[in-house]
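Beneath this line is the structure, given in structure tokens, with notes to follow.
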Amino acid sequence: MDTMRDRFAPVVSRLLDEDPRVAVVLAEIGMADFEAVRRRHPDRVINVGIREQLLIGAGAGLALTGLRPVVHTFASFLVERPFEQIKLDLGHQDAGAVLVSAAASFDWPAGGFTHMSPGDVALLDTLDGWTVHVPGHPDEAGTLLRHAVAAGDDKVYVRLSTQSNDRALPVDGARFHTVREGRAGVVVAVGPVLDPVLQAAEGLDVTVLYATTVRPFDTTALRRATAGAGTEVVLVEPYLAGTSVSAVNDALVDLPHRVLGLGVGRRELRRYGLVEEHVAAHGLDAKSLRARLDGFLGVQARV
């Protein structure tokens, strides 16, 4: 099966052909996938080389001329390394862009910690006005990329991963999707963690919400779910644990509630290993998730 990133260049190449406002800015990574469309639109496919701060600055400059820039590289080089440029060149100047990352939290362990970015969404959370999409399947990635580019002059982050659920679900770039309903708690699964969450929740009387757009946070869907399932909420995110706990607290601020935030831990794992080993080490495999669900929700959640 194609990966999310495999869908990136074909979708954006088509958008380059269809919309004269669309431009792509790259920092070497992924350039080969855009060679054909670059020959058709040499002025709107730009490679700045390995200069990530310039990557953001160039994207912001294009936005200020009226273009809709799509800016792409690995997450650690797209969000962490040029964060000052994101804050100033895009945020301070009210310039819109679509940032599309690859490698996620630990998709390429052999690259080491320099190529890992579990804190990317939390870092963007320190800034105002960002929409954040976290697809869980290549088909969803294609849909959300189109939503992002079509979002006027908004600032949008699309987080692509090699990890994927087995099947795509309907996504609209805004709302959470109710996968199943229960009465003894709510589990919010973000992007590619849905499959292990569903395995972990087997035999539990819980509602499972699927989130592929996490900013803005779908407060309405969460409140609707807690009205029927109670206000014990487990949040499972494929990036830094607890990133969206404050969003859950804000959504339920007028209600007594408990929330457990699961995700990638802060402790650095200093062995390369495999993606699956990193998933297990951070407790994001189905067995580990079930133990945390049982511990937090208790026996009353069992069917």
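Letters A, B, ... mark the chains of the structure tokens in the order given; residue numbers begin at 1 per chain; ligand numbers begin at 1, in order shown.
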Produce a table with one row for each residue of stretch 61-131 of chain A that has an atom at most 12 Å from any atom of stretch 172-196 of chain A, each row naming the nearest atom pair and its distance in Å at one decimal; use only C-alpha atoms; arrange rows by chain and rising residue number; format as CSV.
```
residue,atom,partner,partner_atom,distance
A:Ala104,CA,A:Pro192,CA,10.7
A:Ser105,CA,A:Pro192,CA,11.6
A:Asp107,CA,A:Pro192,CA,11.9
A:Thr131,CA,A:Gly173,CA,9.1
```
Selection file, N, CA and C atoms, as a compact mmCIF listing (two decimals), in the first residue's frame:
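again.txt written:
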```
# COMPACT_ATOMS: atom_id res chain seq x y z
N ALA A 104 7.26 12.10 10.94
CA ALA A 104 6.44 12.07 12.15
C ALA A 104 7.31 12.00 13.41
N SER A 105 6.88 11.21 14.40
CA SER A 105 7.59 11.18 15.68
C SER A 105 8.85 10.33 15.62
N ASP A 107 9.36 7.85 12.54
CA ASP A 107 9.14 6.99 11.37
C ASP A 107 10.43 6.48 10.75
N THR A 131 -4.27 25.52 11.96
CA THR A 131 -5.06 24.30 11.77
C THR A 131 -4.08 23.14 11.65
```
All residues 9 Å or closer to stretch 258-263 of chain A, only C-alpha atoms, same chain fewer than 2 positions away omitted, as a ChimeraX atom specification:
/A:118,231-245,248-249,256,265,282-284,289,292,296
Per-residue DSSP, stretch 69-178 of chain A, filtered to strand (DSSP E), as a tab-separated table (two decimals) with all heavy atoms, in the first residue's frame:
```tsv
chain	number	residue	atom	x	y	z
A	69	PRO	N	1.53	28.83	-0.83
A	69	PRO	CA	2.70	27.95	-0.80
A	69	PRO	C	2.46	26.67	0.01
A	69	PRO	O	1.86	26.70	1.09
A	69	PRO	CB	3.77	28.81	-0.12
A	69	PRO	CG	2.99	29.75	0.75
A	69	PRO	CD	1.70	30.01	0.03
A	70	VAL	N	2.95	25.57	-0.55
A	70	VAL	CA	2.99	24.29	0.15
A	70	VAL	C	4.46	24.01	0.45
A	70	VAL	O	5.27	23.91	-0.47
A	70	VAL	CB	2.39	23.16	-0.70
A	70	VAL	CG1	2.47	21.82	0.04
A	70	VAL	CG2	0.94	23.48	-1.07
A	71	VAL	N	4.81	23.90	1.72
A	71	VAL	CA	6.20	23.84	2.16
A	71	VAL	C	6.43	22.47	2.78
A	71	VAL	O	5.70	22.05	3.67
A	71	VAL	CB	6.48	24.96	3.17
A	71	VAL	CG1	7.95	24.95	3.59
A	71	VAL	CG2	6.10	26.32	2.60
A	72	HIS	N	7.49	21.76	2.33
A	72	HIS	CA	7.64	20.36	2.73
A	72	HIS	C	9.07	19.99	3.08
A	72	HIS	O	10.01	20.33	2.36
A	72	HIS	CB	7.16	19.46	1.60
A	72	HIS	CG	7.44	18.00	1.83
A	72	HIS	ND1	6.83	17.26	2.81
A	72	HIS	CD2	8.29	17.15	1.19
A	72	HIS	CE1	7.27	16.01	2.76
A	72	HIS	NE2	8.16	15.91	1.81
A	73	THR	N	9.22	19.28	4.19
A	73	THR	CA	10.42	18.53	4.52
A	73	THR	C	10.09	17.66	5.74
A	73	THR	O	8.93	17.57	6.15
A	73	THR	CB	11.63	19.44	4.77
A	73	THR	OG1	12.81	18.63	4.95
A	73	THR	CG2	11.44	20.31	6.01
A	74	PHE	N	11.10	17.03	6.33
A	74	PHE	CA	10.87	16.23	7.54
A	74	PHE	C	10.40	17.14	8.67
A	74	PHE	O	10.78	18.31	8.75
A	74	PHE	CB	12.14	15.51	7.97
A	74	PHE	CG	12.55	14.38	7.05
A	74	PHE	CD1	13.80	13.78	7.18
A	74	PHE	CD2	11.70	13.90	6.07
A	74	PHE	CE1	14.18	12.74	6.37
A	74	PHE	CE2	12.08	12.86	5.24
A	74	PHE	CZ	13.32	12.28	5.39
A	97	ALA	N	0.25	29.59	4.87
A	97	ALA	CA	1.01	28.57	4.15
A	97	ALA	C	0.52	27.21	4.60
A	97	ALA	O	-0.13	27.08	5.65
A	97	ALA	CB	2.51	28.71	4.41
A	98	VAL	N	0.83	26.20	3.80
A	98	VAL	CA	0.54	24.82	4.16
A	98	VAL	C	1.88	24.13	4.42
A	98	VAL	O	2.68	23.95	3.49
A	98	VAL	CB	-0.23	24.08	3.05
A	98	VAL	CG1	-0.51	22.63	3.47
A	98	VAL	CG2	-1.52	24.82	2.70
A	99	LEU	N	2.16	23.80	5.66
A	99	LEU	CA	3.36	23.05	6.01
A	99	LEU	C	3.02	21.57	6.02
A	99	LEU	O	2.10	21.16	6.73
A	99	LEU	CB	3.89	23.48	7.38
A	99	LEU	CG	4.14	24.97	7.62
A	99	LEU	CD1	4.84	25.17	8.97
A	99	LEU	CD2	4.94	25.59	6.50
A	100	VAL	N	3.76	20.79	5.25
A	100	VAL	CA	3.50	19.35	5.14
A	100	VAL	C	4.77	18.61	5.56
A	100	VAL	O	5.82	18.73	4.91
A	100	VAL	CB	3.11	18.95	3.71
A	100	VAL	CG1	2.80	17.45	3.65
A	100	VAL	CG2	1.91	19.77	3.23
A	101	SER	N	4.67	17.84	6.63
A	101	SER	CA	5.86	17.17	7.15
A	101	SER	C	5.87	15.69	6.82
A	101	SER	O	4.85	15.11	6.43
A	101	SER	CB	5.93	17.34	8.67
A	101	SER	OG	4.91	16.58	9.31
A	102	ALA	N	7.03	15.10	6.97
A	102	ALA	CA	7.20	13.65	6.88
A	102	ALA	C	8.06	13.21	8.05
A	102	ALA	O	8.66	14.03	8.74
A	102	ALA	CB	7.86	13.27	5.56
A	130	TRP	N	-3.31	28.18	14.04
A	130	TRP	CA	-2.91	27.08	13.18
A	130	TRP	C	-3.99	25.99	13.15
A	130	TRP	O	-4.52	25.59	14.18
A	130	TRP	CB	-1.59	26.47	13.66
A	130	TRP	CG	-0.42	27.27	13.21
A	130	TRP	CD1	0.14	28.33	13.87
A	130	TRP	CD2	0.32	27.11	12.00
A	130	TRP	NE1	1.18	28.84	13.13
A	130	TRP	CE2	1.32	28.11	11.98
A	130	TRP	CE3	0.24	26.21	10.93
A	130	TRP	CZ2	2.23	28.24	10.93
A	130	TRP	CZ3	1.14	26.34	9.89
A	130	TRP	CH2	2.12	27.34	9.89
A	131	THR	N	-4.27	25.52	11.96
A	131	THR	CA	-5.06	24.30	11.77
A	131	THR	C	-4.08	23.14	11.65
A	131	THR	O	-3.06	23.25	10.96
A	131	THR	CB	-5.92	24.39	10.50
A	131	THR	OG1	-6.89	25.43	10.66
A	131	THR	CG2	-6.64	23.08	10.21
A	132	VAL	N	-4.38	22.01	12.31
A	132	VAL	CA	-3.47	20.87	12.30
A	132	VAL	C	-4.24	19.61	11.89
A	132	VAL	O	-5.22	19.22	12.54
A	132	VAL	CB	-2.82	20.65	13.68
A	132	VAL	CG1	-1.92	19.41	13.66
A	132	VAL	CG2	-2.02	21.88	14.09
A	133	HIS	N	-3.80	19.01	10.79
A	133	HIS	CA	-4.38	17.75	10.29
A	133	HIS	C	-3.40	16.61	10.55
A	133	HIS	O	-2.21	16.73	10.26
A	133	HIS	CB	-4.65	17.82	8.79
A	133	HIS	CG	-5.62	18.88	8.37
A	133	HIS	ND1	-6.86	19.03	8.96
A	133	HIS	CD2	-5.55	19.83	7.40
A	133	HIS	CE1	-7.51	20.02	8.37
A	133	HIS	NE2	-6.74	20.53	7.43
A	155	LYS	N	-3.13	29.30	7.96
A	155	LYS	CA	-1.90	28.59	8.30
A	155	LYS	C	-2.29	27.16	8.69
A	155	LYS	O	-3.04	26.95	9.65
A	155	LYS	CB	-1.18	29.28	9.46
A	155	LYS	CG	-0.73	30.70	9.14
A	155	LYS	CD	0.04	31.33	10.27
A	155	LYS	CE	-0.82	31.66	11.47
A	155	LYS	NZ	-1.79	32.75	11.20
A	156	VAL	N	-1.78	26.17	7.94
A	156	VAL	CA	-2.20	24.78	8.11
A	156	VAL	C	-0.97	23.89	8.19
A	156	VAL	O	-0.02	24.04	7.39
A	156	VAL	CB	-3.10	24.31	6.95
A	156	VAL	CG1	-3.61	22.89	7.21
A	156	VAL	CG2	-4.27	25.27	6.74
A	157	TYR	N	-0.99	22.94	9.11
A	157	TYR	CA	0.06	21.94	9.24
A	157	TYR	C	-0.55	20.57	8.95
A	157	TYR	O	-1.56	20.20	9.57
A	157	TYR	CB	0.66	21.97	10.64
A	157	TYR	CG	1.75	20.94	10.90
A	157	TYR	CD1	2.81	20.78	10.01
A	157	TYR	CD2	1.74	20.15	12.04
A	157	TYR	CE1	3.82	19.87	10.24
A	157	TYR	CE2	2.75	19.24	12.30
A	157	TYR	CZ	3.78	19.09	11.40
A	157	TYR	OH	4.78	18.18	11.63
A	158	VAL	N	0.05	19.83	8.02
A	158	VAL	CA	-0.40	18.48	7.69
A	158	VAL	C	0.73	17.52	8.06
A	158	VAL	O	1.83	17.60	7.50
A	158	VAL	CB	-0.76	18.33	6.21
A	158	VAL	CG1	-1.31	16.94	5.93
A	158	VAL	CG2	-1.76	19.40	5.77
A	159	ARG	N	0.44	16.61	8.99
A	159	ARG	CA	1.47	15.73	9.55
A	159	ARG	C	1.34	14.34	8.92
A	159	ARG	O	0.45	13.56	9.26
A	159	ARG	CB	1.28	15.64	11.07
A	159	ARG	CG	2.43	14.97	11.82
A	159	ARG	CD	2.10	14.92	13.30
A	159	ARG	NE	3.29	14.83	14.13
A	159	ARG	CZ	3.76	13.69	14.65
A	159	ARG	NH1	3.15	12.54	14.40
A	159	ARG	NH2	4.84	13.71	15.42
A	177	HIS	N	-14.81	11.82	14.03
A	177	HIS	CA	-15.69	10.79	13.50
A	177	HIS	C	-15.97	9.77	14.61
A	177	HIS	O	-15.05	9.27	15.25
A	177	HIS	CB	-15.01	10.09	12.32
A	177	HIS	CG	-15.81	9.01	11.68
A	177	HIS	ND1	-16.79	9.26	10.74
A	177	HIS	CD2	-15.78	7.66	11.84
A	177	HIS	CE1	-17.31	8.11	10.35
A	177	HIS	NE2	-16.73	7.14	11.00
A	178	THR	N	-17.24	9.48	14.87
A	178	THR	CA	-17.60	8.50	15.90
A	178	THR	C	-17.47	7.10	15.30
A	178	THR	O	-18.21	6.74	14.38
A	178	THR	CB	-19.04	8.71	16.40
A	178	THR	OG1	-19.15	10.04	16.92
A	178	THR	CG2	-19.38	7.72	17.49
```
Between A:Leu293, A:Ala110, A:Leu145, A:Met31, which one has atoms that come closest to A:Arg14, using only C-alpha atoms?
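For A:Arg14, the nearest of the candidates is A:Leu145.
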Test item: residues at most 8 Å from A:Leu26, only C-alpha atoms, excluding those fewer than 2 positions along its chain, as a JSON list (two decimals) with N, CA and C atoms, in the first residue's frame:
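Generated output (selection-v4.json):
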```
[["chain", "number", "residue", "atom", "x", "y", "z"],
["A", 24, "VAL", "N", 5.10, 25.28, -4.59],
["A", 24, "VAL", "CA", 5.72, 24.29, -3.71],
["A", 24, "VAL", "C", 7.14, 24.75, -3.40],
["A", 28, "GLU", "N", 15.47, 20.24, -0.75],
["A", 28, "GLU", "CA", 16.09, 19.03, -1.31],
["A", 28, "GLU", "C", 15.22, 17.79, -1.13],
["A", 29, "ILE", "N", 14.75, 17.55, 0.09],
["A", 29, "ILE", "CA", 13.99, 16.34, 0.37],
["A", 29, "ILE", "C", 12.70, 16.33, -0.44],
["A", 30, "GLY", "N", 12.50, 15.27, -1.23],
["A", 30, "GLY", "CA", 11.29, 15.13, -2.03],
["A", 30, "GLY", "C", 11.36, 15.79, -3.40],
["A", 31, "MET", "N", 12.48, 16.42, -3.73],
["A", 31, "MET", "CA", 12.57, 17.16, -4.98],
["A", 31, "MET", "C", 12.38, 16.26, -6.20],
["A", 45, "VAL", "N", 7.72, 25.77, -8.53],
["A", 45, "VAL", "CA", 8.33, 24.65, -7.80],
["A", 45, "VAL", "C", 9.75, 25.07, -7.47],
["A", 46, "ILE", "N", 10.00, 25.35, -6.21],
["A", 46, "ILE", "CA", 11.23, 26.01, -5.79],
["A", 46, "ILE", "C", 11.97, 25.12, -4.80],
["A", 47, "ASN", "N", 13.25, 24.92, -5.05],
["A", 47, "ASN", "CA", 14.11, 24.14, -4.16],
["A", 47, "ASN", "C", 15.15, 25.08, -3.57],
["A", 48, "VAL", "N", 15.11, 25.29, -2.26],
["A", 48, "VAL", "CA", 16.04, 26.22, -1.62],
["A", 48, "VAL", "C", 17.31, 25.54, -1.14],
["A", 49, "GLY", "N", 17.43, 24.21, -1.36],
["A", 49, "GLY", "CA", 18.56, 23.50, -0.81],
["A", 49, "GLY", "C", 18.37, 23.21, 0.67],
["A", 55, "LEU", "N", 13.61, 28.05, 3.82],
["A", 55, "LEU", "CA", 12.41, 27.34, 3.34],
["A", 55, "LEU", "C", 11.15, 28.05, 3.81],
["A", 71, "VAL", "N", 4.81, 23.90, 1.72],
["A", 71, "VAL", "CA", 6.20, 23.84, 2.16],
["A", 71, "VAL", "C", 6.43, 22.47, 2.78],
["A", 72, "HIS", "N", 7.49, 21.76, 2.33],
["A", 72, "HIS", "CA", 7.64, 20.36, 2.73],
["A", 72, "HIS", "C", 9.07, 19.99, 3.08],
["A", 73, "THR", "N", 9.22, 19.28, 4.19],
["A", 73, "THR", "CA", 10.42, 18.53, 4.52],
["A", 73, "THR", "C", 10.09, 17.66, 5.74]]
```
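If only C-alpha atoms are the atoms counted, then among A:Ala200, A:Val206, A:Ala9, A:Leu90 the closest residue to A:Gly142 is A:Ala9.
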Could you please write out, as a list in words, every residue of stretch 147-220 of chain A that DSSP assigns to alpha helix (DSSP H)?
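Matching residues for alpha helix (DSSP H) in stretch 147-220 of chain A are His147, Ala148, Val149, Leu194, Asp195, Pro196, Val197, Leu198, Gln199, Ala200, Thr219 and Thr220 of chain A.
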Non-local contacts of A:Gly152 (12 Å; only C-alpha atoms; under 5 positions in same chain excluded) as number ranges by chain
A: 21-22, 63, 66-69, 95-98, 146-147
How would the residues just picked look written out with all heavy atoms as a JSON list (two decimals), in the first residue's frame?
```json
[["chain", "number", "residue", "atom", "x", "y", "z"],
["A", 21, "ARG", "N", -2.38, 29.71, -8.23],
["A", 21, "ARG", "CA", -1.91, 30.28, -6.96],
["A", 21, "ARG", "C", -0.99, 29.33, -6.22],
["A", 21, "ARG", "O", -0.20, 29.77, -5.37],
["A", 21, "ARG", "CB", -3.10, 30.60, -6.04],
["A", 21, "ARG", "CG", -3.94, 31.80, -6.41],
["A", 21, "ARG", "CD", -4.91, 32.11, -5.26],
["A", 21, "ARG", "NE", -4.21, 32.58, -4.08],
["A", 21, "ARG", "CZ", -4.50, 32.20, -2.84],
["A", 21, "ARG", "NH1", -5.45, 31.31, -2.60],
["A", 21, "ARG", "NH2", -3.83, 32.69, -1.81],
["A", 22, "VAL", "N", -1.08, 28.04, -6.50],
["A", 22, "VAL", "CA", -0.33, 27.05, -5.72],
["A", 22, "VAL", "C", 1.15, 27.06, -6.11],
["A", 22, "VAL", "O", 1.50, 27.07, -7.29],
["A", 22, "VAL", "CB", -0.92, 25.65, -5.90],
["A", 22, "VAL", "CG1", -0.07, 24.60, -5.18],
["A", 22, "VAL", "CG2", -2.36, 25.61, -5.38],
["A", 63, "ALA", "N", 3.63, 33.76, -0.06],
["A", 63, "ALA", "CA", 2.28, 34.02, 0.44],
["A", 63, "ALA", "C", 1.96, 35.51, 0.40],
["A", 63, "ALA", "O", 0.84, 35.90, 0.06],
["A", 63, "ALA", "CB", 2.14, 33.49, 1.86],
["A", 66, "GLY", "N", 0.55, 36.74, -2.77],
["A", 66, "GLY", "CA", -0.76, 36.24, -3.16],
["A", 66, "GLY", "C", -0.81, 34.77, -3.54],
["A", 66, "GLY", "O", -1.87, 34.26, -3.88],
["A", 67, "LEU", "N", 0.33, 34.08, -3.48],
["A", 67, "LEU", "CA", 0.36, 32.65, -3.80],
["A", 67, "LEU", "C", -0.03, 31.83, -2.57],
["A", 67, "LEU", "O", -0.06, 32.32, -1.44],
["A", 67, "LEU", "CB", 1.74, 32.24, -4.30],
["A", 67, "LEU", "CG", 2.19, 32.86, -5.63],
["A", 67, "LEU", "CD1", 3.60, 32.41, -5.97],
["A", 67, "LEU", "CD2", 1.23, 32.48, -6.75],
["A", 68, "ARG", "N", -0.30, 30.55, -2.81],
["A", 68, "ARG", "CA", -0.62, 29.60, -1.74],
["A", 68, "ARG", "C", 0.51, 28.59, -1.65],
["A", 68, "ARG", "O", 0.51, 27.56, -2.34],
["A", 68, "ARG", "CB", -1.95, 28.90, -2.04],
["A", 68, "ARG", "CG", -2.42, 27.92, -0.96],
["A", 68, "ARG", "CD", -2.70, 28.63, 0.35],
["A", 68, "ARG", "NE", -3.43, 27.77, 1.29],
["A", 68, "ARG", "CZ", -3.41, 27.97, 2.60],
["A", 68, "ARG", "NH1", -2.69, 28.97, 3.12],
["A", 68, "ARG", "NH2", -4.11, 27.19, 3.40],
["A", 69, "PRO", "N", 1.53, 28.83, -0.83],
["A", 69, "PRO", "CA", 2.70, 27.95, -0.80],
["A", 69, "PRO", "C", 2.46, 26.67, 0.01],
["A", 69, "PRO", "O", 1.86, 26.70, 1.09],
["A", 69, "PRO", "CB", 3.77, 28.81, -0.12],
["A", 69, "PRO", "CG", 2.99, 29.75, 0.75],
["A", 69, "PRO", "CD", 1.70, 30.01, 0.03],
["A", 95, "ALA", "N", 0.86, 35.71, 7.30],
["A", 95, "ALA", "CA", 1.03, 35.06, 5.99],
["A", 95, "ALA", "C", 0.61, 33.60, 6.11],
["A", 95, "ALA", "O", 1.03, 32.89, 7.03],
["A", 95, "ALA", "CB", 2.48, 35.15, 5.54],
["A", 96, "GLY", "N", -0.22, 33.16, 5.21],
["A", 96, "GLY", "CA", -0.71, 31.79, 5.24],
["A", 96, "GLY", "C", 0.18, 30.85, 4.44],
["A", 96, "GLY", "O", 0.78, 31.24, 3.44],
["A", 97, "ALA", "N", 0.25, 29.59, 4.87],
["A", 97, "ALA", "CA", 1.01, 28.57, 4.15],
["A", 97, "ALA", "C", 0.52, 27.21, 4.60],
["A", 97, "ALA", "O", -0.13, 27.08, 5.65],
["A", 97, "ALA", "CB", 2.51, 28.71, 4.41],
["A", 98, "VAL", "N", 0.83, 26.20, 3.80],
["A", 98, "VAL", "CA", 0.54, 24.82, 4.16],
["A", 98, "VAL", "C", 1.88, 24.13, 4.42],
["A", 98, "VAL", "O", 2.68, 23.95, 3.49],
["A", 98, "VAL", "CB", -0.23, 24.08, 3.05],
["A", 98, "VAL", "CG1", -0.51, 22.63, 3.47],
["A", 98, "VAL", "CG2", -1.52, 24.82, 2.70],
["A", 146, "ARG", "N", -5.89, 18.42, 0.15],
["A", 146, "ARG", "CA", -6.74, 19.29, -0.67],
["A", 146, "ARG", "C", -7.48, 20.31, 0.19],
["A", 146, "ARG", "O", -7.59, 21.48, -0.19],
["A", 146, "ARG", "CB", -7.72, 18.43, -1.48],
["A", 146, "ARG", "CG", -7.05, 17.56, -2.53],
["A", 146, "ARG", "CD", -8.07, 16.77, -3.35],
["A", 146, "ARG", "NE", -7.42, 15.88, -4.28],
["A", 146, "ARG", "CZ", -7.11, 14.61, -4.02],
["A", 146, "ARG", "NH1", -7.40, 14.10, -2.83],
["A", 146, "ARG", "NH2", -6.51, 13.86, -4.93],
["A", 147, "HIS", "N", -7.97, 19.87, 1.34],
["A", 147, "HIS", "CA", -8.62, 20.81, 2.26],
["A", 147, "HIS", "C", -7.64, 21.91, 2.66],
["A", 147, "HIS", "O", -8.01, 23.09, 2.72],
["A", 147, "HIS", "CB", -9.11, 20.08, 3.51],
["A", 147, "HIS", "CG", -10.45, 19.45, 3.37],
["A", 147, "HIS", "ND1", -11.61, 20.17, 3.28],
["A", 147, "HIS", "CD2", -10.82, 18.14, 3.33],
["A", 147, "HIS", "CE1", -12.64, 19.35, 3.16],
["A", 147, "HIS", "NE2", -12.19, 18.12, 3.18]]
```
Considering only C-alpha atoms, give me a table of residues in stretch 98-164 of chain A that are at most 12 Å from stretch 81-87 of chain A, with the closest atom pair and distance in Å for each, as JSON lines.
```
{"residue": "A:Val98", "atom": "CA", "partner": "A:Ile86", "partner_atom": "CA", "distance": 11.3}
{"residue": "A:Leu99", "atom": "CA", "partner": "A:Ile86", "partner_atom": "CA", "distance": 9.8}
{"residue": "A:Thr114", "atom": "CA", "partner": "A:Arg81", "partner_atom": "CA", "distance": 10.0}
{"residue": "A:His115", "atom": "CA", "partner": "A:Arg81", "partner_atom": "CA", "distance": 10.9}
{"residue": "A:Met116", "atom": "CA", "partner": "A:Arg81", "partner_atom": "CA", "distance": 11.7}
{"residue": "A:Ser117", "atom": "CA", "partner": "A:Arg81", "partner_atom": "CA", "distance": 10.4}
{"residue": "A:Gly119", "atom": "CA", "partner": "A:Arg81", "partner_atom": "CA", "distance": 11.9}
{"residue": "A:Asp120", "atom": "CA", "partner": "A:Phe83", "partner_atom": "CA", "distance": 9.8}
{"residue": "A:Val121", "atom": "CA", "partner": "A:Phe83", "partner_atom": "CA", "distance": 11.9}
{"residue": "A:Leu123", "atom": "CA", "partner": "A:Phe83", "partner_atom": "CA", "distance": 8.4}
{"residue": "A:Leu124", "atom": "CA", "partner": "A:Phe83", "partner_atom": "CA", "distance": 8.6}
{"residue": "A:Asp125", "atom": "CA", "partner": "A:Lys87", "partner_atom": "CA", "distance": 11.2}
{"residue": "A:Thr126", "atom": "CA", "partner": "A:Lys87", "partner_atom": "CA", "distance": 9.3}
{"residue": "A:Leu127", "atom": "CA", "partner": "A:Lys87", "partner_atom": "CA", "distance": 7.0}
{"residue": "A:Asp128", "atom": "CA", "partner": "A:Lys87", "partner_atom": "CA", "distance": 9.2}
{"residue": "A:Gly129", "atom": "CA", "partner": "A:Lys87", "partner_atom": "CA", "distance": 11.1}
{"residue": "A:Trp130", "atom": "CA", "partner": "A:Ile86", "partner_atom": "CA", "distance": 10.8}
{"residue": "A:Lys155", "atom": "CA", "partner": "A:Ile86", "partner_atom": "CA", "distance": 9.9}
{"residue": "A:Val156", "atom": "CA", "partner": "A:Ile86", "partner_atom": "CA", "distance": 11.4}
{"residue": "A:Tyr157", "atom": "CA", "partner": "A:Ile86", "partner_atom": "CA", "distance": 11.2}
```
Pull N, CA, C and O atoms from the residues just selected and write them as a tab-separated table (two decimals), in the first residue's frame.
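To be explicit, this is the file written out as part-v6.tsv:
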```
chain	number	residue	atom	x	y	z
A	98	VAL	N	0.83	26.20	3.80
A	98	VAL	CA	0.54	24.82	4.16
A	98	VAL	C	1.88	24.13	4.42
A	98	VAL	O	2.68	23.95	3.49
A	99	LEU	N	2.16	23.80	5.66
A	99	LEU	CA	3.36	23.05	6.01
A	99	LEU	C	3.02	21.57	6.02
A	99	LEU	O	2.10	21.16	6.73
A	114	THR	N	17.79	13.37	15.48
A	114	THR	CA	17.69	14.57	14.64
A	114	THR	C	16.53	14.48	13.66
A	114	THR	O	16.02	15.50	13.19
A	115	HIS	N	16.08	13.26	13.35
A	115	HIS	CA	15.01	13.06	12.38
A	115	HIS	C	13.70	12.65	13.07
A	115	HIS	O	12.79	12.14	12.41
A	116	MET	N	13.60	12.88	14.34
A	116	MET	CA	12.38	12.58	15.09
A	116	MET	C	11.78	13.88	15.62
A	116	MET	O	12.50	14.80	16.00
A	117	SER	N	10.44	13.95	15.64
A	117	SER	CA	9.81	15.19	16.07
A	117	SER	C	8.50	14.93	16.81
A	117	SER	O	7.42	15.30	16.35
A	119	GLY	N	7.49	16.45	19.33
A	119	GLY	CA	7.00	17.68	19.93
A	119	GLY	C	6.48	18.70	18.94
A	119	GLY	O	6.20	19.84	19.32
A	120	ASP	N	6.30	18.32	17.66
A	120	ASP	CA	5.96	19.31	16.64
A	120	ASP	C	4.59	19.96	16.87
A	120	ASP	O	4.45	21.19	16.79
A	121	VAL	N	3.57	19.17	17.18
A	121	VAL	CA	2.23	19.73	17.37
A	121	VAL	C	2.19	20.59	18.63
A	121	VAL	O	1.59	21.67	18.65
A	123	LEU	N	4.63	22.24	19.86
A	123	LEU	CA	5.35	23.48	19.57
A	123	LEU	C	4.46	24.45	18.80
A	123	LEU	O	4.40	25.65	19.12
A	124	LEU	N	3.76	23.97	17.79
A	124	LEU	CA	2.84	24.84	17.05
A	124	LEU	C	1.72	25.35	17.94
A	124	LEU	O	1.14	26.42	17.68
A	125	ASP	N	1.40	24.59	18.99
A	125	ASP	CA	0.35	25.01	19.91
A	125	ASP	C	0.70	26.28	20.67
A	125	ASP	O	-0.17	26.91	21.27
A	126	THR	N	1.96	26.66	20.67
A	126	THR	CA	2.35	27.91	21.33
A	126	THR	C	2.03	29.12	20.47
A	126	THR	O	2.19	30.26	20.92
A	127	LEU	N	1.61	28.88	19.22
A	127	LEU	CA	1.29	29.96	18.29
A	127	LEU	C	-0.21	30.01	18.05
A	127	LEU	O	-0.92	29.03	18.24
A	128	ASP	N	-0.68	31.13	17.58
A	128	ASP	CA	-2.11	31.33	17.36
A	128	ASP	C	-2.51	31.01	15.92
A	128	ASP	O	-1.75	31.29	14.98
A	129	GLY	N	-3.68	30.42	15.78
A	129	GLY	CA	-4.32	30.38	14.47
A	129	GLY	C	-3.94	29.25	13.55
A	129	GLY	O	-4.23	29.31	12.35
A	130	TRP	N	-3.31	28.18	14.04
A	130	TRP	CA	-2.91	27.08	13.18
A	130	TRP	C	-3.99	25.99	13.15
A	130	TRP	O	-4.52	25.59	14.18
A	155	LYS	N	-3.13	29.30	7.96
A	155	LYS	CA	-1.90	28.59	8.30
A	155	LYS	C	-2.29	27.16	8.69
A	155	LYS	O	-3.04	26.95	9.65
A	156	VAL	N	-1.78	26.17	7.94
A	156	VAL	CA	-2.20	24.78	8.11
A	156	VAL	C	-0.97	23.89	8.19
A	156	VAL	O	-0.02	24.04	7.39
A	157	TYR	N	-0.99	22.94	9.11
A	157	TYR	CA	0.06	21.94	9.24
A	157	TYR	C	-0.55	20.57	8.95
A	157	TYR	O	-1.56	20.20	9.57
```
Write out as a list in words each polymer residue whose atoms come within 12 Å of A:Asp17, counting only C-alpha atoms; drop sequence neighbours fewer than 2 positions from it.
Pro10, Val11, Val12, Ser13, Arg14, Leu15, Asp19, Pro20, Arg21, Val22, Ala23, Val24, Ala36, Val37, Arg38, Arg39, Arg40, His41, Pro42, Arg44 and Val45 of chain A
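Compared by their closest atoms to A:Ala301, and using only C-alpha atoms, the residues A:Glu268, A:Asp205, A:Ala247, A:Ala229 rank with A:Asp205 nearest.
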How many Å separate atom CA of A:Trp108 from atom CA of A:Ala286?
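Taking atom CA of A:Trp108 as the start and atom CA of A:Ala286 as the end point, the length is 21.1 Å.
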